[in-house]
>>> print(open('upload-v5.csv').read())   # CSV, C-alpha atoms
chain,number,residue,atom,x,y,z
A,1,MET,CA,-56.2,-38.2,-9.0
A,2,ARG,CA,-59.3,-38.9,-6.9
A,3,PHE,CA,-60.7,-37.4,-3.7
A,4,THR,CA,-59.5,-40.4,-1.7
A,5,ARG,CA,-55.9,-40.0,-2.9
A,6,GLY,CA,-56.0,-36.4,-1.8
A,7,ILE,CA,-57.2,-37.5,1.7
A,8,LYS,CA,-54.4,-40.0,1.9
A,9,ASP,CA,-51.8,-37.5,0.9
A,10,GLY,CA,-53.3,-35.0,3.3
A,11,LEU,CA,-53.1,-37.2,6.4
A,12,PRO,CA,-49.4,-36.7,7.3
A,13,ILE,CA,-50.0,-32.9,6.8
A,14,ALA,CA,-53.0,-33.0,9.2
A,15,LEU,CA,-51.0,-34.9,11.8
A,16,GLY,CA,-48.2,-32.4,11.5
A,17,TYR,CA,-50.6,-29.5,11.8
A,18,MET,CA,-52.4,-30.7,14.9
A,19,PRO,CA,-49.8,-30.0,17.6
A,20,VAL,CA,-49.0,-26.7,15.9
A,21,ALA,CA,-52.6,-25.6,15.8
A,22,PHE,CA,-53.0,-26.9,19.4
A,23,ALA,CA,-50.0,-24.8,20.5
A,24,TYR,CA,-51.4,-21.8,18.6
A,25,ALA,CA,-54.8,-22.0,20.5
A,26,ILE,CA,-53.2,-22.6,23.9
A,27,ARG,CA,-50.9,-19.6,23.4
A,28,ALA,CA,-53.8,-17.4,22.3
A,29,VAL,CA,-56.0,-18.3,25.2
A,30,ASP,CA,-53.0,-18.0,27.5
A,31,GLN,CA,-52.5,-14.4,26.2
A,32,GLY,CA,-56.1,-13.6,27.3
A,33,PHE,CA,-58.1,-14.1,24.1
A,34,PRO,CA,-61.5,-15.7,24.5
A,35,VAL,CA,-61.8,-19.4,23.6
A,36,TRP,CA,-63.7,-18.7,20.3
A,37,PHE,CA,-61.0,-16.3,19.0
A,38,PRO,CA,-58.3,-18.8,17.9
A,39,ILE,CA,-61.0,-21.0,16.5
A,40,LEU,CA,-62.4,-18.2,14.4
A,41,ILE,CA,-58.9,-17.2,13.2
A,42,SER,CA,-58.0,-20.8,12.3
A,43,ALA,CA,-61.3,-21.3,10.5
A,44,SER,CA,-61.0,-18.1,8.4
A,45,ASN,CA,-57.2,-17.9,7.9
A,46,PHE,CA,-55.7,-21.4,7.6
A,47,THR,CA,-52.1,-20.3,7.8
A,48,GLY,CA,-49.6,-21.1,10.5
A,49,THR,CA,-47.1,-18.3,10.4
A,50,GLY,CA,-49.5,-15.5,9.7
A,51,GLN,CA,-52.0,-16.5,12.4
A,52,PHE,CA,-49.2,-16.7,15.0
A,53,ILE,CA,-47.7,-13.3,14.2
A,54,GLY,CA,-51.1,-11.6,13.6
A,55,THR,CA,-52.5,-12.8,16.9
A,56,ASP,CA,-49.3,-11.6,18.7
A,57,LEU,CA,-49.7,-8.2,17.0
A,58,ILE,CA,-53.3,-7.9,18.0
A,59,TYR,CA,-52.3,-8.9,21.5
A,60,ALA,CA,-49.5,-6.2,21.5
A,61,GLY,CA,-52.0,-3.6,20.4
A,62,ALA,CA,-50.2,-2.9,17.1
A,63,SER,CA,-51.8,-0.4,14.7
A,64,LEU,CA,-54.0,-1.7,11.9
A,65,ALA,CA,-51.5,-0.4,9.3
A,66,VAL,CA,-48.7,-2.5,10.9
A,67,LEU,CA,-51.0,-5.5,11.1
A,68,PHE,CA,-51.9,-5.1,7.5
A,69,SER,CA,-48.4,-4.7,6.2
A,70,THR,CA,-46.9,-7.5,8.4
A,71,MET,CA,-49.6,-9.9,7.2
A,72,LEU,CA,-48.9,-8.9,3.6
A,73,ILE,CA,-45.1,-9.5,3.9
A,74,ILE,CA,-45.6,-12.8,5.7
A,75,ASN,CA,-48.2,-14.1,3.3
A,76,ILE,CA,-46.7,-12.8,0.1
A,77,ARG,CA,-45.1,-16.2,-0.5
A,78,TYR,CA,-48.6,-17.6,-1.0
A,79,ALA,CA,-48.9,-15.4,-4.1
A,80,LEU,CA,-45.9,-17.3,-5.6
A,81,MET,CA,-47.3,-20.7,-4.6
A,82,SER,CA,-50.7,-19.6,-6.0
A,83,ILE,CA,-49.1,-18.6,-9.3
A,84,SER,CA,-47.2,-21.9,-9.4
A,85,LEU,CA,-50.3,-24.0,-8.7
A,86,SER,CA,-52.2,-22.1,-11.3
A,87,GLN,CA,-49.6,-23.2,-13.9
A,88,LYS,CA,-50.0,-26.8,-12.9
A,89,MET,CA,-53.8,-26.8,-13.0
A,90,GLY,CA,-54.3,-25.6,-16.6
A,91,GLY,CA,-57.4,-23.8,-17.8
A,92,GLY,CA,-60.1,-26.4,-17.0
A,93,PHE,CA,-61.1,-25.0,-13.6
A,94,PRO,CA,-64.2,-22.8,-13.3
A,95,LEU,CA,-64.0,-19.7,-11.1
A,96,TRP,CA,-65.9,-21.2,-8.1
A,97,GLN,CA,-63.4,-24.1,-7.9
A,98,ARG,CA,-60.4,-21.6,-8.0
A,99,ILE,CA,-62.0,-19.6,-5.2
A,100,LEU,CA,-62.3,-22.7,-3.1
A,101,ILE,CA,-58.8,-24.0,-3.8
A,102,SER,CA,-57.3,-20.6,-3.0
A,103,PHE,CA,-58.4,-21.0,0.6
A,104,GLY,CA,-56.4,-24.2,0.9
A,105,VAL,CA,-53.0,-22.8,-0.3
A,106,THR,CA,-50.6,-23.5,2.5
A,107,ASP,CA,-46.8,-24.3,2.5
A,108,GLU,CA,-47.4,-28.0,3.1
A,109,ASN,CA,-50.4,-28.4,0.7
A,110,TYR,CA,-48.5,-26.6,-1.9
A,111,ALA,CA,-45.4,-28.8,-1.4
A,112,VAL,CA,-47.4,-32.0,-1.8
A,113,ALA,CA,-49.6,-30.8,-4.7
A,114,ILE,CA,-46.7,-29.5,-6.8
A,115,ARG,CA,-44.8,-32.8,-6.5
A,116,GLN,CA,-47.6,-34.7,-8.2
A,117,PRO,CA,-46.4,-35.9,-11.6
A,118,ASN,CA,-49.7,-35.3,-13.3
A,119,LYS,CA,-52.0,-32.3,-13.8
A,120,LEU,CA,-54.0,-31.6,-10.6
A,121,SER,CA,-57.7,-32.4,-10.5
A,122,PHE,CA,-60.3,-30.6,-8.4
A,123,PRO,CA,-61.3,-33.7,-6.4
A,124,TYR,CA,-57.7,-34.5,-5.5
A,125,LEU,CA,-57.0,-30.9,-4.3
A,126,MET,CA,-60.3,-30.9,-2.3
A,127,GLY,CA,-59.3,-34.2,-0.6
A,128,LEU,CA,-55.9,-32.9,0.2
A,129,MET,CA,-57.1,-29.5,1.5
A,130,CYS,CA,-60.1,-30.8,3.4
A,131,CYS,CA,-58.0,-33.4,5.2
A,132,SER,CA,-55.2,-30.9,6.3
A,133,PHE,CA,-57.8,-28.3,7.2
A,134,SER,CA,-59.6,-30.7,9.5
A,135,GLY,CA,-56.2,-31.3,11.3
A,136,TRP,CA,-55.7,-27.6,11.6
A,137,LEU,CA,-59.1,-26.7,12.8
A,138,GLY,CA,-59.4,-29.8,15.0
A,139,GLY,CA,-56.0,-29.0,16.7
A,140,THR,CA,-57.2,-25.5,17.3
A,141,VAL,CA,-60.5,-26.6,18.9
A,142,LEU,CA,-58.7,-29.1,21.0
A,143,GLY,CA,-56.1,-26.6,22.2
A,144,ALA,CA,-58.7,-23.9,23.0
A,145,GLY,CA,-60.9,-26.4,24.8
A,146,LEU,CA,-58.0,-28.1,26.7
A,147,SER,CA,-56.3,-24.9,27.8
A,148,SER,CA,-59.3,-24.0,30.0
A,149,LEU,CA,-59.7,-27.6,31.1
A,150,LEU,CA,-56.0,-27.8,32.0
A,151,ALA,CA,-56.3,-24.6,34.0
A,152,SER,CA,-59.2,-26.0,36.0
A,153,VAL,CA,-57.6,-29.4,36.5
A,154,LEU,CA,-54.1,-28.2,37.4
A,155,THR,CA,-55.0,-26.2,40.5
A,156,GLY,CA,-53.1,-25.8,43.7
A,157,GLU,CA,-49.4,-24.8,43.9
A,158,THR,CA,-47.8,-27.8,42.1
A,159,GLY,CA,-50.6,-27.9,39.5
A,160,SER,CA,-50.3,-24.2,38.6
A,161,VAL,CA,-46.5,-24.6,38.2
A,162,PHE,CA,-47.1,-27.5,35.8
A,163,TYR,CA,-49.7,-25.4,33.9
A,164,GLU,CA,-47.1,-22.7,33.5
A,165,ILE,CA,-44.5,-25.2,32.3
A,166,ILE,CA,-46.9,-26.8,29.7
A,167,MET,CA,-47.9,-23.3,28.3
A,168,SER,CA,-44.2,-22.4,28.2
A,169,ALA,CA,-43.3,-25.6,26.4
A,170,PHE,CA,-46.0,-25.1,23.7
A,171,ASN,CA,-44.8,-21.6,23.1
A,172,ILE,CA,-41.7,-23.0,21.3
A,173,SER,CA,-43.7,-25.3,19.0
A,174,LEU,CA,-44.3,-22.9,16.1
A,175,TYR,CA,-40.7,-21.6,16.2
A,176,ALA,CA,-39.5,-25.2,16.1
A,177,MET,CA,-41.7,-25.8,13.0
A,178,PHE,CA,-40.2,-22.8,11.3
A,179,VAL,CA,-36.7,-24.1,12.0
A,180,ALA,CA,-37.8,-27.4,10.4
A,181,ILE,CA,-39.0,-25.5,7.3
A,182,VAL,CA,-35.9,-23.3,6.9
A,183,ILE,CA,-33.0,-25.6,7.7
A,184,PRO,CA,-33.3,-28.4,5.1
A,185,PRO,CA,-33.4,-26.0,2.1
A,186,SER,CA,-30.4,-24.1,3.6
A,187,ARG,CA,-28.5,-27.3,3.5
A,188,ASP,CA,-29.3,-27.8,-0.2
A,189,ASP,CA,-28.9,-24.2,-1.5
A,190,LYS,CA,-26.0,-22.2,-0.2
A,191,HIS,CA,-27.7,-18.9,-1.3
A,192,VAL,CA,-30.6,-19.7,1.0
A,193,LEU,CA,-28.1,-20.4,3.8
A,194,LEU,CA,-26.4,-17.1,3.2
A,195,LEU,CA,-29.9,-15.4,3.2
A,196,VAL,CA,-30.9,-17.1,6.4
A,197,LEU,CA,-27.6,-16.1,8.1
A,198,MET,CA,-28.0,-12.5,7.0
A,199,SER,CA,-31.6,-12.3,8.1
A,200,VAL,CA,-30.7,-13.7,11.5
A,201,GLY,CA,-27.9,-11.3,11.9
A,202,LEU,CA,-30.0,-8.3,11.0
A,203,SER,CA,-32.9,-9.5,13.1
A,204,CYS,CA,-30.5,-9.8,16.1
A,205,ILE,CA,-29.4,-6.2,15.6
A,206,PHE,CA,-33.0,-5.0,15.6
A,207,TYR,CA,-33.7,-7.1,18.7
A,208,PHE,CA,-30.8,-6.0,20.8
A,209,VAL,CA,-30.0,-2.4,19.8
A,210,PRO,CA,-32.0,-0.2,22.2
A,211,LEU,CA,-32.8,2.5,19.7
A,212,LEU,CA,-34.2,0.0,17.2
A,213,GLN,CA,-36.3,-1.7,19.8
A,214,LYS,CA,-38.6,1.3,19.8
A,215,LEU,CA,-39.9,0.5,16.3
A,216,PRO,CA,-43.5,-0.6,16.0
A,217,GLU,CA,-44.2,-4.3,16.6
A,218,GLY,CA,-43.7,-6.3,13.4
A,219,LEU,CA,-41.9,-3.6,11.5
A,220,GLU,CA,-38.5,-5.2,11.9
A,221,ILE,CA,-39.8,-8.4,10.1
A,222,ILE,CA,-40.7,-6.3,7.1
A,223,ILE,CA,-37.5,-4.2,7.0
A,224,CYS,CA,-35.1,-7.1,7.7
A,225,SER,CA,-36.7,-9.6,5.3
A,226,ILE,CA,-37.1,-7.1,2.4
A,227,VAL,CA,-33.5,-5.8,2.7
A,228,CYS,CA,-31.9,-9.2,2.9
A,229,THR,CA,-34.1,-10.7,0.2
A,230,VAL,CA,-33.5,-7.9,-2.3
A,231,ILE,CA,-29.7,-8.2,-1.8
A,232,ILE,CA,-29.7,-12.0,-2.3
A,233,ALA,CA,-32.2,-11.8,-5.2
A,234,LEU,CA,-30.0,-9.3,-7.0
A,235,LEU,CA,-26.7,-11.1,-6.3
A,236,PHE,CA,-28.0,-14.7,-7.0
A,237,PRO,CA,-31.0,-14.7,-9.3
A,238,HIS,CA,-33.1,-17.8,-9.0
A,239,PRO,CA,-35.4,-18.2,-12.0
A,240,LEU,CA,-38.3,-20.6,-11.8
A,241,GLU,CA,-37.7,-24.0,-13.5
A,242,GLU,CA,-38.4,-24.3,-17.2
A,243,GLN,CA,-40.4,-27.5,-16.6
A,244,ASN,CA,-43.4,-25.5,-15.3
A,245,LEU,CA,-43.4,-23.4,-18.4
A,246,GLU,CA,-43.4,-26.4,-20.7
A,247,GLN,CA,-46.2,-28.1,-18.8
A,248,SER,CA,-48.5,-25.1,-19.0
A,249,LYS,CA,-47.9,-24.8,-22.8
A,250,ASN,CA,-48.4,-28.5,-23.5
A,251,PRO,CA,-52.0,-29.1,-24.6
A,252,ALA,CA,-51.9,-32.6,-23.1
A,253,PHE,CA,-51.6,-31.0,-19.6
A,254,SER,CA,-54.2,-28.3,-20.0
A,255,SER,CA,-57.2,-30.1,-21.1
A,256,GLU,CA,-60.3,-30.3,-18.9
A,257,ALA,CA,-59.8,-32.0,-15.6
A,258,GLN,CA,-62.8,-34.3,-14.9
A,259,PRO,CA,-63.0,-36.7,-17.8
A,260,ASN,CA,-59.3,-37.6,-17.6
A,261,ASP,CA,-59.4,-38.6,-13.9
A,262,GLN,CA,-59.5,-42.3,-14.4
A,263,THR,CA,-56.5,-42.4,-16.8
A,264,LEU,CA,-54.5,-39.9,-14.7
A,265,THR,CA,-55.1,-42.0,-11.6
A,266,SER,CA,-54.0,-45.2,-13.1
A,267,GLN,CA,-50.8,-43.6,-14.5
A,268,SER,CA,-49.9,-41.8,-11.3
A,269,ASP,CA,-50.4,-44.7,-8.9
A,270,THR,CA,-47.2,-46.3,-9.8
A,271,SER,CA,-45.0,-43.2,-9.5
A,272,ASP,CA,-46.7,-41.7,-6.5
A,273,GLN,CA,-45.7,-44.2,-3.8
A,274,ASN,CA,-43.2,-42.0,-2.1
A,275,ASP,CA,-45.3,-38.8,-2.1
A,276,GLY,CA,-47.2,-39.3,1.1
A,277,LYS,CA,-44.4,-39.6,3.5
A,278,GLY,CA,-42.9,-36.2,2.7
A,279,GLY,CA,-46.1,-34.3,3.5
A,280,ALA,CA,-45.1,-32.9,6.8
A,281,ALA,CA,-41.5,-32.3,5.9
B,1,MET,CA,-58.2,-5.9,23.6
B,2,THR,CA,-61.8,-5.0,23.0
B,3,LEU,CA,-64.2,-7.2,21.0
B,4,PHE,CA,-63.9,-4.6,18.2
B,5,ASP,CA,-60.0,-4.9,18.1
B,6,MET,CA,-60.3,-8.7,17.8
B,7,LEU,CA,-62.9,-8.7,15.0
B,8,ILE,CA,-61.3,-6.0,12.9
B,9,GLY,CA,-57.9,-7.7,13.4
B,10,CYS,CA,-59.4,-11.0,12.3
B,11,ALA,CA,-61.0,-9.4,9.3
B,12,ILE,CA,-57.7,-7.8,8.2
B,13,MET,CA,-55.8,-11.1,8.7
B,14,PHE,CA,-58.4,-13.0,6.7
B,15,GLY,CA,-58.5,-10.4,3.9
B,16,VAL,CA,-54.8,-10.1,3.4
B,17,THR,CA,-54.2,-13.9,3.7
B,18,TYR,CA,-56.9,-14.8,1.3
B,19,ILE,CA,-55.9,-12.2,-1.3
B,20,CYS,CA,-52.3,-13.5,-1.2
B,21,LYS,CA,-53.5,-17.1,-1.6
B,22,ALA,CA,-56.0,-16.3,-4.4
B,23,VAL,CA,-54.1,-13.8,-6.5
B,24,GLY,CA,-52.2,-16.3,-8.6
B,25,LEU,CA,-55.1,-18.8,-9.0
B,26,LEU,CA,-57.6,-16.1,-10.0
B,27,PHE,CA,-55.6,-13.5,-11.9
B,28,VAL,CA,-52.1,-14.9,-13.0
B,29,LYS,CA,-52.6,-17.6,-15.5
B,30,LYS,CA,-49.5,-16.6,-17.5
B,31,GLN,CA,-45.9,-17.3,-16.3
B,32,ILE,CA,-44.1,-14.3,-14.7
B,33,ARG,CA,-41.0,-13.7,-16.8
B,34,ASN,CA,-39.1,-11.1,-14.7
B,35,THR,CA,-36.2,-12.9,-13.1
B,36,PHE,CA,-35.8,-10.5,-10.2
B,37,ILE,CA,-39.4,-10.9,-9.1
B,38,GLN,CA,-39.1,-14.7,-9.5
B,39,SER,CA,-36.0,-14.7,-7.3
B,40,PHE,CA,-37.5,-12.3,-4.8
B,41,LEU,CA,-40.6,-14.4,-4.3
B,42,TYR,CA,-38.4,-17.6,-4.1
B,43,TYR,CA,-36.1,-16.2,-1.4
B,44,LEU,CA,-38.6,-14.1,0.6
B,45,PRO,CA,-40.2,-16.9,2.8
B,46,TYR,CA,-36.9,-18.1,4.1
B,47,SER,CA,-35.9,-14.7,5.1
B,48,VAL,CA,-39.2,-13.9,6.8
B,49,LEU,CA,-39.1,-17.1,8.8
B,50,ALA,CA,-35.5,-16.7,9.8
B,51,VAL,CA,-36.2,-13.1,11.0
B,52,MET,CA,-39.2,-14.3,13.0
B,53,VAL,CA,-37.4,-17.2,14.6
B,54,PHE,CA,-34.2,-15.6,15.7
B,55,PRO,CA,-33.6,-14.5,18.3
B,56,SER,CA,-37.2,-14.6,19.5
B,57,ILE,CA,-37.2,-18.5,19.8
B,58,LEU,CA,-34.6,-18.2,22.6
B,59,PHE,CA,-37.0,-16.0,24.7
B,60,SER,CA,-40.2,-17.8,23.8
B,61,THR,CA,-40.2,-19.9,27.0
B,62,SER,CA,-40.2,-19.1,30.7
B,63,PHE,CA,-36.5,-19.7,31.1
B,64,ILE,CA,-33.6,-18.8,28.7
B,65,TRP,CA,-32.0,-22.2,29.3
B,66,SER,CA,-35.1,-24.1,28.2
B,67,GLY,CA,-35.4,-21.8,25.2
B,68,ILE,CA,-31.8,-22.6,24.2
B,69,ALA,CA,-32.2,-26.3,24.8
B,70,GLY,CA,-35.4,-26.4,22.6
B,71,THR,CA,-33.7,-24.4,19.9
B,72,VAL,CA,-30.6,-26.7,19.8
B,73,VAL,CA,-32.9,-29.8,19.6
B,74,ALA,CA,-34.9,-28.2,16.8
B,75,LEU,CA,-31.7,-27.3,14.9
B,76,ILE,CA,-30.1,-30.7,15.2
B,77,LEU,CA,-33.3,-32.6,14.2
B,78,SER,CA,-34.0,-30.4,11.2
B,79,LEU,CA,-30.4,-30.7,10.1
B,80,PHE,CA,-31.1,-34.4,9.8
B,81,ARG,CA,-34.3,-33.6,7.8
B,82,LYS,CA,-36.8,-34.8,10.4
B,83,GLY,CA,-40.4,-33.7,9.6
B,84,LEU,CA,-42.3,-30.8,11.2
B,85,LEU,CA,-44.2,-33.1,13.6
B,86,ILE,CA,-41.0,-34.7,15.0
B,87,VAL,CA,-39.1,-31.5,15.3
B,88,SER,CA,-42.0,-29.6,16.9
B,89,LEU,CA,-42.9,-32.4,19.4
B,90,SER,CA,-39.2,-32.9,20.4
B,91,SER,CA,-38.8,-29.2,21.1
B,92,ILE,CA,-41.9,-29.1,23.2
B,93,LEU,CA,-40.8,-32.2,25.2
B,94,THR,CA,-37.3,-30.7,25.7
B,95,VAL,CA,-38.6,-27.5,27.0
B,96,PHE,CA,-41.0,-29.3,29.3
B,97,LEU,CA,-38.3,-31.6,30.7
B,98,VAL,CA,-35.7,-28.7,31.2
B,99,GLU,CA,-38.3,-26.5,32.9
B,100,THR,CA,-39.5,-29.3,35.2
B,101,CYS,CA,-35.8,-29.9,36.2
B,102,LEU,CA,-35.2,-26.2,36.7
B,103,THR,CA,-38.3,-25.8,38.7
B,104,PHE,CA,-38.2,-28.8,41.0
B,105,PHE,CA,-34.5,-29.7,41.3
B,106,VAL,CA,-32.5,-26.5,41.2
>>> encode(input="upload-v5.csv", output="structure tokens")
Amino acid sequence: MRFTRGIKDGLPIALGYMPVAFAYAIRAVDQGFPVWFPILISASNFTGTGQFIGTDLIYAGASLAVLFSTMLIINIRYALMSISLSQKMGGGFPLWQRILISFGVTDENYAVAIRQPNKLSFPYLMGLMCCSFSGWLGGTVLGAGLSSLLASVLTGETGSVFYEIIMSAFNISLYAMFVAIVIPPSRDDKHVLLLVLMSVGLSCIFYFVPLLQKLPEGLEIIICSIVCTVIIALLFPHPLEEQNLEQSKNPAFSSEAQPNDQTLTSQSDTSDQNDGKGGAA
Amino acid sequence: MTLFDMLIGCAIMFGVTYICKAVGLLFVKKQIRNTFIQSFLYYLPYSVLAVMVFPSILFSTSFIWSGIAGTVVALILSLFRKGLLIVSLSSILTVFLVETCLTFFV
């Protein structure tokens, strides 16, 4: 599990990230943020959903308490992924490596890493995360730079109309990405489908009922998602797979990472052929 | 938005995001046994995303019709399990085409 394999697996993720990060930056600049702001957020946060919502909240002038709790509720899923990754890494990682890897935990990096048949190594994770992070940061820089360029090129009446249309079109990009994350698992698991339908229903009530519209920005996300998730989690428990447990107990999987790299790589090369293409899915 | 609002907002976003990402890797090296917590953490992301997307996606663009068109395209493509890149680019293109038509030909 070498660095170069990580880079290879990270490429489809980086390609998927670029238009989303691009759209994020364009949207932020369009809202009136200075060009450096989306770049700073992308460089420090490295999370699609959270950045998108957090920036909207700052734009809307939400209170710091609402910003804090909304970020917590949106990002709490990373805690689960982080726990799950930790199980798959074993005990051979020193603290500084864990601190670095933590920064790169995203939905897509997690999905690719957790599918690897062997125990994860530090060089592999670094390759994966550096590659996808470059896509994320690069897309943001491009978006922030081009949005001011676009505004200066597309002048005059027709030009400014096209500028508006392009900004409007990029606004839907992140929502479309979320649809692409939610729909496939809803097809596979009818409990997830039920949860999604409930969440959408409750969200619509909060969106359209006048009295509820007065709630602070972002609060409806917390209320709707916690209520729906608690109900579904109580009705249809979904324990983690036993496989993770066995792997973490098995001494063969929890020995130190570096010396085994060569053998792990040669074993995994045969079974890993289909891993790269699913990266952005 | 003052400079202070932006910097303190960014600091909060970074702090919360990083703590969530790091908590498992740094502190939880044993498996969580509680089935309810496992289930809650498994289901939560789908609910959060669903709440954020609907109905806001319909009103995310300049015209309701382009929002609806983009939503329908995203739904259909993700039902066929297309990746994030394809779904997202197709939605953008759909909105662009619909708004161009609405602006110049209607």
>>> interface_residues(input="upload-v5.csv", of="chain B", to="chain A", cutoff="7 Å", atoms="all atoms listed in the file", output="VMD selection string")
chain B and resid 1 9 to 10 12 to 14 16 to 18 20 to 26 28 to 29 31 35 to 36 38 to 41 43 to 55 57 60 to 62 71 74 to 75 78 to 79 81 to 85 87 to 88 91 to 92 95 to 96 99
>>> residues_around(input="upload-v5.csv", residues="Gly145 in chain A", least_positions_apart="2", cutoff="10 Å", atoms="only C-alpha atoms", output="list in words")
Phe22, Ala25, Ile26, Val29, Val35, Trp36, Ile39, Gly139, Thr140, Val141, Leu142, Gly143, Ser147, Ser148, Leu149 and Leu150 of chain A
>>> closest_residue(input="upload-v5.csv", among="B:Ile19, B:Leu97, B:Phe80, B:Asn34", to="Trp65 in chain B", atoms="all atoms listed in the file")
B:Leu97
>>> atom_distance(input="upload-v5.csv", atom1="CA of Arg27 in chain A", atom2="CA of Val112 in chain A")
28.3 Å
>>> atom_distance(input="upload-v5.csv", atom1="CA of Ala151 in chain A", atom2="CA of Phe52 in chain A")
21.8 Å
>>> atom_distance(input="upload-v5.csv", atom1="CA of Asn109 in chain A", atom2="CA of Gly135 in chain A")
12.4 Å
>>> closest_residue(input="upload-v5.csv", among="B:Leu77, B:Leu3, B:Ala69, B:Val106", to="Thr94 in chain B", atoms="all atoms listed in the file")
B:Ala69
>>> residues_near_point(input="upload-v5.csv", point="(-60.6, -30.4, -5.5)", cutoff="9 Å", atoms="all atoms listed in the file", output="PyMOL selection string")
chain A and resi 2-3+6+97+100-101+120-130
